[in-house]
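K.L.:
Okay, so here is my_file.cif, and as you'll see once you scroll down, it has mmCIF, C-alpha atoms.
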data_protein
loop_
_atom_site.label_atom_id
_atom_site.label_comp_id
_atom_site.auth_asym_id
_atom_site.auth_seq_id
_atom_site.Cartn_x
_atom_site.Cartn_y
_atom_site.Cartn_z
CA MET N 1 0.00 0.00 0.00
CA PRO N 2 1.25 3.49 -0.74
CA TYR N 3 1.75 5.79 2.25
CA ALA N 4 -1.26 7.68 3.65
CA ARG N 5 -1.40 11.10 2.00
CA LEU N 6 -1.71 14.54 3.54
CA ILE N 7 -3.20 16.90 0.97
CA PRO N 8 -3.50 20.66 1.47
CA CYS N 9 -6.49 22.04 -0.39
CA LEU N 10 -6.38 25.50 -1.88
CA ASP N 11 -9.80 26.95 -2.58
CA VAL N 12 -9.30 29.43 -5.38
CA ALA N 13 -11.53 32.32 -6.43
CA TYR N 14 -10.56 34.98 -8.97
CA GLY N 15 -6.98 33.62 -8.98
CA ARG N 16 -6.54 33.95 -5.19
CA VAL N 17 -6.67 31.33 -2.43
CA VAL N 18 -9.67 31.70 -0.11
CA LYS N 19 -11.26 29.53 2.53
CA GLY N 20 -14.78 29.66 3.83
CA THR N 21 -16.62 28.12 6.73
CA SER N 22 -19.29 25.63 5.67
CA PHE N 23 -18.83 26.78 2.08
CA VAL N 24 -19.70 30.47 2.56
CA ASP N 25 -18.11 33.56 4.10
CA LEU N 26 -14.87 33.63 2.10
CA ARG N 27 -11.68 34.97 3.60
CA ASP N 28 -8.61 35.79 1.49
CA GLN N 29 -5.59 33.59 2.25
CA GLY N 30 -3.08 34.43 -0.41
CA ASP N 31 -1.28 33.77 -3.63
CA PRO N 32 -1.82 30.24 -5.00
CA LEU N 33 1.72 29.96 -6.40
CA GLU N 34 3.37 31.04 -3.20
CA LEU N 35 1.24 28.66 -1.12
CA ALA N 36 1.75 25.77 -3.57
CA LYS N 37 5.52 26.18 -3.35
CA PHE N 38 5.35 26.52 0.41
CA TYR N 39 3.33 23.31 0.83
CA SER N 40 5.43 21.40 -1.65
CA ASP N 41 8.55 22.40 0.30
CA GLY N 42 6.85 21.64 3.61
CA GLY N 43 6.05 18.04 2.70
CA ALA N 44 2.59 17.99 1.12
CA ASP N 45 2.07 14.64 -0.60
CA GLU N 46 -0.23 16.20 -3.17
CA LEU N 47 -2.18 19.42 -3.63
CA VAL N 48 -5.79 20.09 -4.57
CA PHE N 49 -6.95 23.35 -6.15
CA LEU N 50 -10.68 23.94 -6.20
CA ASP N 51 -12.01 26.90 -8.11
CA ILE N 52 -15.04 27.70 -6.01
CA LYS N 53 -16.37 30.46 -8.28
CA ALA N 54 -15.77 28.65 -11.55
CA THR N 55 -17.22 31.24 -13.86
CA PRO N 56 -16.21 31.01 -17.53
CA ASP N 57 -13.78 33.92 -16.93
CA ASP N 58 -12.29 32.00 -14.07
CA GLN N 59 -11.52 28.99 -16.28
CA THR N 60 -8.99 31.04 -18.21
CA THR N 61 -7.48 32.37 -14.98
CA LEU N 62 -7.38 28.82 -13.60
CA VAL N 63 -5.51 27.44 -16.61
CA ASP N 64 -2.88 30.17 -16.09
CA VAL N 65 -2.61 29.31 -12.40
CA VAL N 66 -2.25 25.60 -13.23
CA ARG N 67 0.49 26.26 -15.79
CA ALA N 68 2.43 28.41 -13.31
CA VAL N 69 2.00 25.87 -10.48
CA ALA N 70 3.27 23.02 -12.69
CA GLU N 71 6.47 25.03 -13.25
CA VAL N 72 7.23 25.46 -9.55
CA VAL N 73 6.06 22.27 -7.85
CA ALA N 74 7.26 18.73 -8.54
CA ILE N 75 4.44 16.96 -6.69
CA PRO N 76 1.08 15.88 -8.13
CA PHE N 77 -1.92 18.17 -8.03
CA THR N 78 -5.62 17.93 -8.72
CA VAL N 79 -7.73 20.78 -10.08
CA GLY N 80 -11.49 21.12 -9.78
CA GLY N 81 -14.23 23.64 -10.30
CA GLY N 82 -16.20 24.43 -13.42
CA ILE N 83 -15.08 21.38 -15.44
CA ARG N 84 -18.09 20.58 -17.64
CA SER N 85 -16.57 18.81 -20.64
CA VAL N 86 -13.66 16.67 -21.80
CA GLU N 87 -12.25 19.84 -23.38
CA ASP N 88 -12.32 21.69 -20.03
CA ALA N 89 -10.44 18.77 -18.45
CA ALA N 90 -8.00 18.63 -21.37
CA ARG N 91 -7.10 22.31 -21.01
CA LEU N 92 -6.19 21.82 -17.34
CA ILE N 93 -4.34 18.52 -17.81
CA ASP N 94 -2.43 19.88 -20.79
CA ALA N 95 -1.47 22.88 -18.63
CA GLY N 96 0.08 20.50 -16.10
CA ALA N 97 -2.68 19.29 -13.75
CA ASP N 98 -2.32 15.60 -12.92
CA ARG N 99 -5.95 15.05 -12.16
CA VAL N 100 -9.23 16.84 -12.48
CA SER N 101 -12.00 16.84 -9.92
CA LEU N 102 -15.61 16.70 -11.07
CA ASN N 103 -18.54 17.62 -8.90
CA SER N 104 -21.82 19.19 -10.14
CA ALA N 105 -21.00 18.38 -13.77
CA ALA N 106 -20.61 14.67 -12.99
CA LEU N 107 -24.02 14.67 -11.31
CA ALA N 108 -25.63 16.46 -14.24
CA GLN N 109 -23.79 14.37 -16.83
CA PRO N 110 -22.37 11.14 -15.36
CA THR N 111 -20.99 10.02 -18.75
CA LEU N 112 -18.37 12.78 -18.39
CA ILE N 113 -16.53 10.59 -15.85
CA ALA N 114 -15.97 7.79 -18.38
CA ALA N 115 -15.19 10.22 -21.20
CA ILE N 116 -12.29 11.81 -19.29
CA ALA N 117 -11.11 8.47 -17.87
CA HIS N 118 -11.07 7.00 -21.36
CA ARG N 119 -8.73 9.72 -22.61
CA TYR N 120 -6.50 10.24 -19.58
CA GLY N 121 -6.96 7.11 -17.47
CA SER N 122 -8.98 6.62 -14.28
CA GLN N 123 -6.15 7.95 -12.12
CA ALA N 124 -6.78 11.36 -13.70
CA VAL N 125 -10.42 11.57 -12.61
CA VAL N 126 -11.47 12.46 -9.07
CA VAL N 127 -15.17 12.68 -8.27
CA ALA N 128 -15.80 15.17 -5.48
CA ILE N 129 -18.84 14.46 -3.36
CA ASP N 130 -20.20 17.15 -1.05
CA ALA N 131 -22.27 15.14 1.38
CA GLY N 132 -24.86 16.27 3.89
CA ASP N 133 -27.83 14.49 5.50
CA GLY N 134 -27.24 11.37 3.43
CA VAL N 135 -27.48 13.10 0.09
CA VAL N 136 -25.11 14.68 -2.38
CA HIS N 137 -25.13 18.48 -2.68
CA SER N 138 -24.26 20.28 -5.87
CA HIS N 139 -23.16 23.79 -6.78
CA GLY N 140 -20.54 24.24 -4.11
CA GLY N 141 -22.63 22.51 -1.48
CA SER N 142 -25.54 24.91 -1.81
CA VAL N 143 -28.12 22.66 -3.51
CA ALA N 144 -29.30 19.39 -1.95
CA THR N 145 -29.99 16.80 -4.66
CA ALA N 146 -32.14 13.68 -4.44
CA THR N 147 -29.05 11.49 -5.00
CA ALA N 148 -28.02 9.40 -2.00
CA THR N 149 -24.31 9.63 -1.11
CA ILE N 150 -23.23 5.97 -1.06
CA PRO N 151 -24.94 4.85 -4.29
CA TRP N 152 -23.48 7.88 -6.06
CA ALA N 153 -19.97 7.00 -4.88
CA VAL N 154 -20.47 3.45 -6.18
CA GLU N 155 -21.77 4.72 -9.51
CA ALA N 156 -18.89 7.17 -9.89
CA ALA N 157 -16.37 4.36 -9.32
CA GLU N 158 -18.17 2.10 -11.79
CA ARG N 159 -18.11 4.85 -14.39
CA GLY N 160 -14.34 5.16 -14.13
CA ALA N 161 -13.52 7.59 -11.31
CA GLY N 162 -10.08 6.90 -9.86
CA GLU N 163 -10.69 8.47 -6.47
CA ILE N 164 -13.48 9.95 -4.35
CA LEU N 165 -12.94 13.30 -2.62
CA LEU N 166 -15.53 13.11 0.12
CA THR N 167 -16.44 16.33 1.92
CA SER N 168 -18.79 16.51 4.87
CA ILE N 169 -20.58 19.84 4.45
CA ALA N 170 -21.53 19.98 8.13
CA ARG N 171 -17.90 19.51 9.20
CA ASP N 172 -16.23 21.71 6.60
CA GLY N 173 -14.35 24.58 8.22
CA GLN N 174 -15.58 23.61 11.72
CA ARG N 175 -12.29 22.09 12.86
CA ASN N 176 -13.98 19.53 15.06
CA GLY N 177 -12.79 16.42 13.18
CA PHE N 178 -13.66 14.54 10.01
CA ASP N 179 -16.93 12.65 9.63
CA LEU N 180 -15.37 9.22 10.12
CA ASP N 181 -18.63 7.25 9.87
CA LEU N 182 -19.35 8.78 6.48
CA THR N 183 -15.76 8.17 5.32
CA VAL N 184 -15.80 4.53 6.40
CA ALA N 185 -19.20 3.91 4.81
CA VAL N 186 -18.13 5.32 1.45
CA ARG N 187 -14.74 3.60 1.48
CA ARG N 188 -16.37 0.22 2.23
CA ALA N 189 -18.69 0.65 -0.73
CA VAL N 190 -15.96 1.27 -3.35
CA GLN N 191 -12.60 -0.23 -4.36
CA ILE N 192 -10.99 3.07 -5.31
CA PRO N 193 -9.14 5.31 -2.83
CA VAL N 194 -11.09 7.88 -0.80
CA ILE N 195 -9.87 11.28 0.43
CA ALA N 196 -11.55 12.44 3.64
CA SER N 197 -12.35 16.15 3.67
CA GLY N 198 -13.95 18.67 5.98
CA GLY N 199 -13.22 19.17 9.65
CA ALA N 200 -9.46 18.94 10.22
CA GLY N 201 -8.65 20.99 13.30
CA CYS N 202 -5.56 19.28 14.70
CA ALA N 203 -3.10 16.44 14.05
CA GLN N 204 -5.23 13.95 15.98
CA HIS N 205 -8.17 14.57 13.60
CA VAL N 206 -5.95 13.85 10.61
CA VAL N 207 -4.59 10.72 12.30
CA ASP N 208 -8.15 9.51 12.98
CA ALA N 209 -9.00 9.95 9.29
CA LEU N 210 -5.78 8.34 7.99
CA ARG N 211 -6.44 5.26 10.12
CA VAL N 212 -9.65 4.62 8.18
CA THR N 213 -8.90 5.93 4.70
CA ASP N 214 -6.24 6.66 2.10
CA ALA N 215 -5.76 10.41 2.33
CA ALA N 216 -6.88 13.49 4.24
CA LEU N 217 -7.53 16.97 2.92
CA VAL N 218 -6.49 19.88 5.10
CA ALA N 219 -7.18 23.56 4.54
CA SER N 220 -7.50 26.22 7.23
CA ILE N 221 -5.22 24.46 9.72
CA VAL N 222 -2.36 24.82 7.30
CA HIS N 223 -3.38 28.04 5.54
CA GLU N 224 -3.37 30.03 8.75
CA ASN N 225 0.06 28.64 9.58
CA PRO N 226 1.67 27.58 6.26
CA SER N 227 5.09 26.95 7.79
CA GLY N 228 3.36 24.58 10.22
CA LEU N 229 2.94 21.78 7.68
CA ALA N 230 6.25 20.13 8.56
CA GLY N 231 5.28 20.30 12.23
CA LEU N 232 1.87 18.82 11.46
CA ARG N 233 3.56 15.91 9.67
CA ARG N 234 5.84 15.27 12.64
CA GLU N 235 2.89 15.36 15.04
CA ILE N 236 0.92 12.91 12.85
CA GLU N 237 3.89 10.53 12.82
CA ARG N 238 4.33 10.87 16.58
CA LEU N 239 0.69 9.84 16.93
CA GLY N 240 1.44 6.66 15.00
CA VAL N 241 0.61 7.16 11.32
CA VAL N 242 3.59 6.61 9.02
CA LEU N 243 3.91 9.19 6.25
CA ARG N 244 6.33 9.03 3.34
CA PRO N 245 9.95 9.52 4.34
CA MET N 246 11.39 12.87 3.30
CA LYS N 247 15.14 12.76 2.99
CA GLU N 248 15.34 16.52 2.59
CA SER N 249 12.99 19.36 1.88
CA VAL N 250 11.90 19.62 -1.72
CA MET E 251 13.11 15.15 -26.75
CA VAL E 252 9.72 14.39 -25.21
CA VAL E 253 7.36 12.32 -27.34
CA ASP E 254 3.82 13.64 -27.70
CA TYR E 255 1.01 11.15 -28.08
CA GLY E 256 -1.94 13.42 -27.63
CA ALA E 257 -2.58 12.87 -23.93
CA GLY E 258 0.79 12.87 -22.17
CA ASN E 259 1.76 15.19 -19.34
CA THR E 260 4.47 16.75 -21.46
CA HIS E 261 4.37 20.08 -19.60
CA SER E 262 5.34 18.60 -16.20
CA VAL E 263 7.99 16.35 -17.73
CA ARG E 264 9.58 19.30 -19.52
CA ALA E 265 9.53 21.41 -16.34
CA ALA E 266 11.33 18.60 -14.47
CA LEU E 267 13.91 18.18 -17.25
CA GLU E 268 14.58 21.90 -17.11
CA HIS E 269 15.20 21.57 -13.36
CA VAL E 270 18.01 19.10 -14.03
CA GLY E 271 19.46 21.32 -16.74
CA LEU E 272 18.10 19.66 -19.88
CA THR E 273 16.31 21.60 -22.59
CA SER E 274 13.70 19.61 -24.43
CA GLU E 275 11.16 19.84 -27.17
CA VAL E 276 7.90 18.00 -27.67
CA THR E 277 7.41 16.05 -30.88
CA SER E 278 5.74 13.13 -32.59
CA ASP E 279 7.85 13.56 -35.72
CA PRO E 280 9.58 10.24 -36.64
CA ASP E 281 12.79 11.96 -37.84
CA ARG E 282 13.17 13.94 -34.64
CA ILE E 283 12.50 10.81 -32.57
CA CYS E 284 15.32 8.98 -34.35
CA SER E 285 17.81 11.83 -34.28
CA SER E 286 17.45 13.18 -30.73
CA GLU E 287 20.18 12.55 -28.23
CA LEU E 288 17.82 11.51 -25.44
CA LEU E 289 14.20 10.55 -25.58
CA VAL E 290 11.43 10.52 -23.00
CA LEU E 291 8.14 8.72 -23.60
CA PRO E 292 5.93 10.30 -20.93
CA GLY E 293 3.20 9.03 -18.85
CA VAL E 294 -0.56 9.61 -18.84
CA GLY E 295 -3.46 8.60 -21.00
CA SER E 296 -5.00 5.33 -22.04
CA ALA E 297 -3.00 2.66 -23.87
CA ARG E 298 -5.32 2.38 -26.85
CA SER E 299 -5.50 6.08 -27.73
CA ALA E 300 -1.76 6.48 -27.12
CA MET E 301 -0.85 3.58 -29.44
CA THR E 302 -3.31 4.79 -32.09
CA HIS E 303 -1.62 8.20 -32.01
CA LEU E 304 1.89 6.71 -32.13
CA ASN E 305 0.96 4.43 -35.04
CA GLU E 306 -0.80 7.16 -37.03
CA THR E 307 2.09 9.62 -36.75
CA GLY E 308 4.74 7.02 -37.58
CA ALA E 309 6.26 7.60 -34.13
CA ALA E 310 5.84 3.91 -33.21
CA THR E 311 8.09 2.75 -36.06
CA ALA E 312 10.64 5.45 -35.20
CA LEU E 313 10.68 4.37 -31.54
CA ARG E 314 11.32 0.72 -32.51
CA GLN E 315 14.09 1.82 -34.85
CA ARG E 316 15.63 3.99 -32.15
CA PHE E 317 15.57 1.09 -29.70
CA ALA E 318 17.12 -1.28 -32.25
CA GLN E 319 19.98 1.22 -32.70
CA GLY E 320 20.64 1.26 -28.97
CA GLN E 321 19.84 4.95 -28.44
CA PRO E 322 18.78 5.90 -24.89
CA MET E 323 15.10 6.13 -24.02
CA LEU E 324 13.20 6.67 -20.79
CA GLY E 325 9.57 5.54 -20.54
CA ILE E 326 7.45 6.94 -17.72
CA CYS E 327 4.30 5.18 -16.43
CA LEU E 328 2.21 4.59 -19.57
CA GLY E 329 5.45 5.15 -21.51
CA LEU E 330 6.84 2.07 -19.76
CA GLN E 331 3.65 0.08 -20.32
CA LEU E 332 3.59 0.89 -24.07
CA SER E 333 7.07 -0.55 -24.52
CA PHE E 334 5.81 -4.09 -23.90
CA THR E 335 4.38 -6.58 -26.36
CA SER E 336 0.82 -6.17 -25.17
CA SER E 337 -1.42 -4.61 -22.57
CA ASP E 338 -4.70 -5.85 -21.12
CA GLU E 339 -5.92 -2.25 -20.96
CA ASP E 340 -8.99 -1.26 -23.03
CA GLY E 341 -9.73 -4.92 -23.84
CA GLY E 342 -6.22 -5.64 -25.19
CA VAL E 343 -3.77 -3.35 -26.96
CA GLU E 344 -0.66 -4.24 -28.93
CA GLY E 345 2.33 -2.28 -27.64
CA LEU E 346 5.67 -1.26 -29.14
CA GLY E 347 7.18 -4.66 -28.35
CA LEU E 348 10.58 -3.36 -27.27
CA LEU E 349 10.51 -5.50 -24.14
CA ASN E 350 9.14 -8.98 -23.60
CA GLY E 351 6.25 -9.21 -21.23
CA ARG E 352 2.76 -7.98 -20.82
CA VAL E 353 0.86 -5.37 -18.89
CA ARG E 354 -1.92 -6.52 -16.61
CA ARG E 355 -4.50 -4.87 -14.40
CA LEU E 356 -3.37 -4.53 -10.78
CA THR E 357 -4.92 -6.89 -8.28
CA SER E 358 -4.29 -4.64 -5.25
CA GLU E 359 -7.10 -3.91 -2.82
CA ARG E 360 -7.47 -0.33 -4.13
CA VAL E 361 -7.08 0.42 -7.84
CA PRO E 362 -5.82 2.85 -9.07
CA ARG E 363 -2.76 2.56 -6.88
CA LEU E 364 -2.24 6.19 -5.93
CA GLY E 365 0.41 7.79 -3.79
CA TRP E 366 4.00 7.65 -2.65
CA ALA E 367 5.55 4.22 -2.22
CA ASP E 368 8.99 2.74 -1.61
CA VAL E 369 10.99 1.25 -4.46
CA GLN E 370 13.26 -1.69 -3.61
CA PRO E 371 16.15 -2.36 -3.67
CA TRP E 372 16.77 1.37 -4.25
CA GLY E 373 15.31 2.48 -0.92
CA GLU E 374 13.74 5.56 -2.52
CA THR E 375 10.15 6.80 -2.36
CA TYR E 376 8.36 7.96 -5.50
CA TYR E 377 4.86 8.89 -6.60
CA PHE E 378 2.74 6.27 -8.36
CA ALA E 379 -0.65 6.62 -10.10
CA HIS E 380 -1.56 3.50 -12.07
CA SER E 381 -4.12 0.75 -12.59
CA PHE E 382 -1.91 -1.53 -14.69
CA ALA E 383 1.63 -2.88 -14.25
CA ALA E 384 4.17 -4.87 -16.24
CA GLU E 385 4.91 -8.55 -15.79
CA SER E 386 8.34 -9.15 -17.25
CA THR E 387 11.75 -10.68 -16.74
CA ASP E 388 13.25 -7.21 -17.33
CA VAL E 389 12.08 -5.88 -13.95
CA VAL E 390 15.00 -4.41 -11.96
CA ALA E 391 13.15 -2.78 -9.05
CA THR E 392 9.75 -3.27 -7.44
CA SER E 393 7.28 -1.46 -5.19
CA ASP E 394 4.82 -3.45 -3.05
CA GLY E 395 5.62 -6.40 -5.32
CA VAL E 396 4.70 -4.45 -8.47
CA ALA E 397 7.14 -3.71 -11.30
CA ALA E 398 8.57 -0.24 -10.61
CA VAL E 399 11.57 -0.15 -12.96
CA VAL E 400 12.29 -2.20 -16.08
CA GLN E 401 15.46 -2.08 -18.13
CA ARG E 402 16.59 -3.69 -21.34
CA ASP E 403 19.54 -2.48 -23.40
CA SER E 404 19.12 1.27 -23.92
CA PHE E 405 15.55 1.41 -22.59
CA ILE E 406 14.71 2.19 -18.99
CA GLY E 407 11.10 2.37 -17.90
CA VAL E 408 9.72 3.61 -14.60
CA GLN E 409 6.20 2.99 -13.35
CA PHE E 410 6.41 5.94 -10.96
CA HIS E 411 6.39 9.60 -11.98
CA PRO E 412 9.87 11.09 -11.43
CA GLU E 413 8.55 14.47 -12.62
CA LYS E 414 6.05 14.40 -9.73
CA SER E 415 8.25 12.87 -7.05
CA GLY E 416 9.86 15.96 -5.57
CA THR E 417 13.63 15.99 -5.10
CA ALA E 418 13.83 12.18 -5.16
CA GLY E 419 12.33 12.24 -8.65
CA LEU E 420 14.60 15.04 -9.85
CA ARG E 421 17.62 13.17 -8.51
CA PHE E 422 16.50 10.09 -10.43
CA LEU E 423 16.15 12.07 -13.66
CA GLU E 424 19.55 13.61 -13.15
CA ARG E 425 21.23 10.24 -12.57
CA CYS E 426 19.35 8.56 -15.37
CA LEU E 427 19.59 11.21 -18.08
CA THR E 428 22.74 13.20 -17.53
CA ARG E 429 25.12 10.24 -17.46
CA VAL E 430 24.28 9.03 -20.95
#
What's the structure tokens form of this structure?

P.N.:
Amino acid sequence: MPYARLIPCLDVAYGRVVKGTSFVDLRDQGDPLELAKFYSDGGADELVFLDIKATPDDQTTLVDVVRAVAEVVAIPFTVGGGIRSVEDAARLIDAGADRVSLNSAALAQPTLIAAIAHRYGSQAVVVAIDAGDGVVHSHGGSVATATATIPWAVEAAERGAGEILLTSIARDGQRNGFDLDLTVAVRRAVQIPVIASGGAGCAQHVVDALRVTDAALVASIVHENPSGLAGLRREIERLGVVLRPMKESV
Amino acid sequence: MVVDYGAGNTHSVRAALEHVGLTSEVTSDPDRICSSELLVLPGVGSARSAMTHLNETGAATALRQRFAQGQPMLGICLGLQLSFTSSDEDGGVEGLGLLNGRVRRLTSERVPRLGWADVQPWGETYYFAHSFAAESTDVVATSDGVAAVVQRDSFIGVQFHPEKSGTAGLRFLERCLTRV
């Protein structure tokens, strides 16, 4: 088994990194390039960029951000937000993204998952699920759909998704721990890896998540103290989860 | 020279090559493939569409010719997998046939196999993202029992992504490409 992964998530809007609490109330956190470099140096195993505005204008901005990030970081990164077609995915992957994350568009058009996986491989397709009260929410968590969470995760995997990015809307930004029951339930239902997201407030929360799943997404706990990532890794290891060895800083 | 087959991550590979002091260009032109000093066959996409592209552009023939002449080549991820006789991907795809062996779907608990993993006997940790792996007598290093590095004559293939494996990956590229 590969090592458990610690993945800083950078929510991007208008080319800047922001982070909200329960998906609203955005606060500016900084320059995506600077933060990407910082996290790469500090021992991030991967990065995720989510364009939370995802307007057509933003797509162009996002492609520029992706191209610049690919120049400065030598670790994998996933990009999501506003991807509605194979062409949208192609623009981001050609600009240097390793994987794209689909959310509302996959719900509206599930065949998109297979179409992108067919061209770039399953490992390039992440399906992001914003879960709350047993159902999937679309449009940045703002619209509750009639689709139940677990069956949707199973369908996404069957259609060719290579990973599930599972966010608990209720926990997001609350810093009181991941929704472990939800994470375990989804991971049991699929054979692809699952990233737990929403609720990381301290190293112990991340450890709890990494004991039950493949990767954990962290946002505000690292954004408000970017140089603290190396310390967070040490603390996670002290608490008993083995992360990849880093012979030197990148 | 970085070979383009329509879906590769050429941008990241070129950025990593630049880091280790190598300038590169992206091509699928058979003449350029034969004449370049070093050649990288990069790593994402699906086997069928990649082989279709390589066959249509004449790049496949040029790659076989290059291999026969003993000129150095590095295959990354899918670039490694394409060098074999056949792959089980997409219901069966005929590869370049540079190396003997075949590519099969992973039987690990979670597929795709995603993340950083140790490569033995090298004792290094690199980033992997794959659903298929080679079964071959040309395997020279493994990761969790899966083929991580294959080598035959002037061809070296890595299942991991050196261009995405931080300093460890850059060190590998430097060792592998600047000594030839």

K.L.:
Which polymer residues, protein or nucleic acid, are no farther than 7 Å from (13.8, 8.2, -22.2), counting all atoms listed in the file, as a list of chain:residue names?

P.N.:
E:Leu288, E:Leu289, E:Val290, E:Leu291, E:Pro322, E:Met323, E:Leu324, E:Gly325, E:Ile406

K.L.:
Counting only C-alpha atoms, note down every residue that has an atom within 6 Å of the point (-10.5, 18.2, 13.9) (file coordinates), as a PyMOL selection string.

P.N.:
chain N and resi 175-177+199-202+205

K.L.:
Choose the residue, out of E:Gly271, E:Gly293, E:Gly345, E:Gly320, that has the smallest atom-to-atom separation from chain N; count all atoms listed in the file.

P.N.:
E:Gly293

K.L.:
Give me the chain N side of the contact with chain E, cut-off 9 Å, one line per residue showing its nearest atom pair and distance in Å at one decimal, counting only C-alpha atoms, sorted by chain and residue number, as a tab-separated table.

P.N.:
residue	atom	partner	partner_atom	distance
N:Met1	CA	E:Asp394	CA	6.7
N:Pro2	CA	E:Ala367	CA	4.6
N:Tyr3	CA	E:Trp366	CA	5.7
N:Ala4	CA	E:Gly365	CA	7.6
N:Arg5	CA	E:Gly365	CA	6.9
N:Ser40	CA	E:Gly416	CA	8.0
N:Asp41	CA	E:Gly416	CA	8.8
N:Asp45	CA	E:Trp366	CA	7.5
N:Glu46	CA	E:Gly365	CA	8.5
N:Arg67	CA	E:His261	CA	8.2
N:Ala70	CA	E:Ser262	CA	6.0
N:Glu71	CA	E:Ala265	CA	5.7
N:Val72	CA	E:Ala265	CA	8.2
N:Val73	CA	E:Gly416	CA	7.7
N:Ala74	CA	E:Lys414	CA	4.7
N:Ile75	CA	E:Lys414	CA	4.3
N:Pro76	CA	E:Lys414	CA	5.4
N:Phe77	CA	E:Lys414	CA	9.0
N:Ala90	CA	E:Ala257	CA	8.3
N:Ile93	CA	E:Asn259	CA	7.1
N:Asp94	CA	E:Asn259	CA	6.5
N:Ala95	CA	E:His261	CA	6.5
N:Gly96	CA	E:His261	CA	5.6
N:Ala97	CA	E:Asn259	CA	8.2
N:Asp98	CA	E:Asn259	CA	7.6
N:Ala117	CA	E:Ser296	CA	8.0
N:His118	CA	E:Ser296	CA	6.3
N:Arg119	CA	E:Gly295	CA	5.6
N:Tyr120	CA	E:Gly295	CA	3.7
N:Gly121	CA	E:Gly295	CA	5.2
N:Ser122	CA	E:Pro362	CA	7.2
N:Gln123	CA	E:Pro362	CA	6.0
N:Ala124	CA	E:Val294	CA	8.3
N:Gly162	CA	E:Pro362	CA	5.9
N:Glu163	CA	E:Pro362	CA	7.9
N:Val190	CA	E:Arg360	CA	8.7
N:Gln191	CA	E:Arg360	CA	5.1
N:Ile192	CA	E:Arg360	CA	5.0
N:Pro193	CA	E:Arg360	CA	6.0
N:Asp214	CA	E:Gly365	CA	9.0
N:Arg244	CA	E:Trp366	CA	6.6
N:Pro245	CA	E:Thr375	CA	7.2
N:Met246	CA	E:Thr375	CA	8.4
N:Lys247	CA	E:Ala418	CA	8.3
N:Glu248	CA	E:Thr417	CA	7.9
N:Ser249	CA	E:Thr417	CA	7.8
N:Val250	CA	E:Thr417	CA	5.3

K.L.:
What does the distance from atom CA of N:Trp152 to atom CA of N:Ala108 come to in Å, to one decimal?

P.N.:
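Between atom CA of N:Trp152 and atom CA of N:Ala108 the gap is 12.0 Å.
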
K.L.:
Using all atoms listed in the file, which residues sit within 6 Å of E:Val408 once same-chain residues fewer than 2 positions away are excluded, as JSON, numbers by chain?

P.N.:
{"E": [326, 327, 398, 399, 410]}
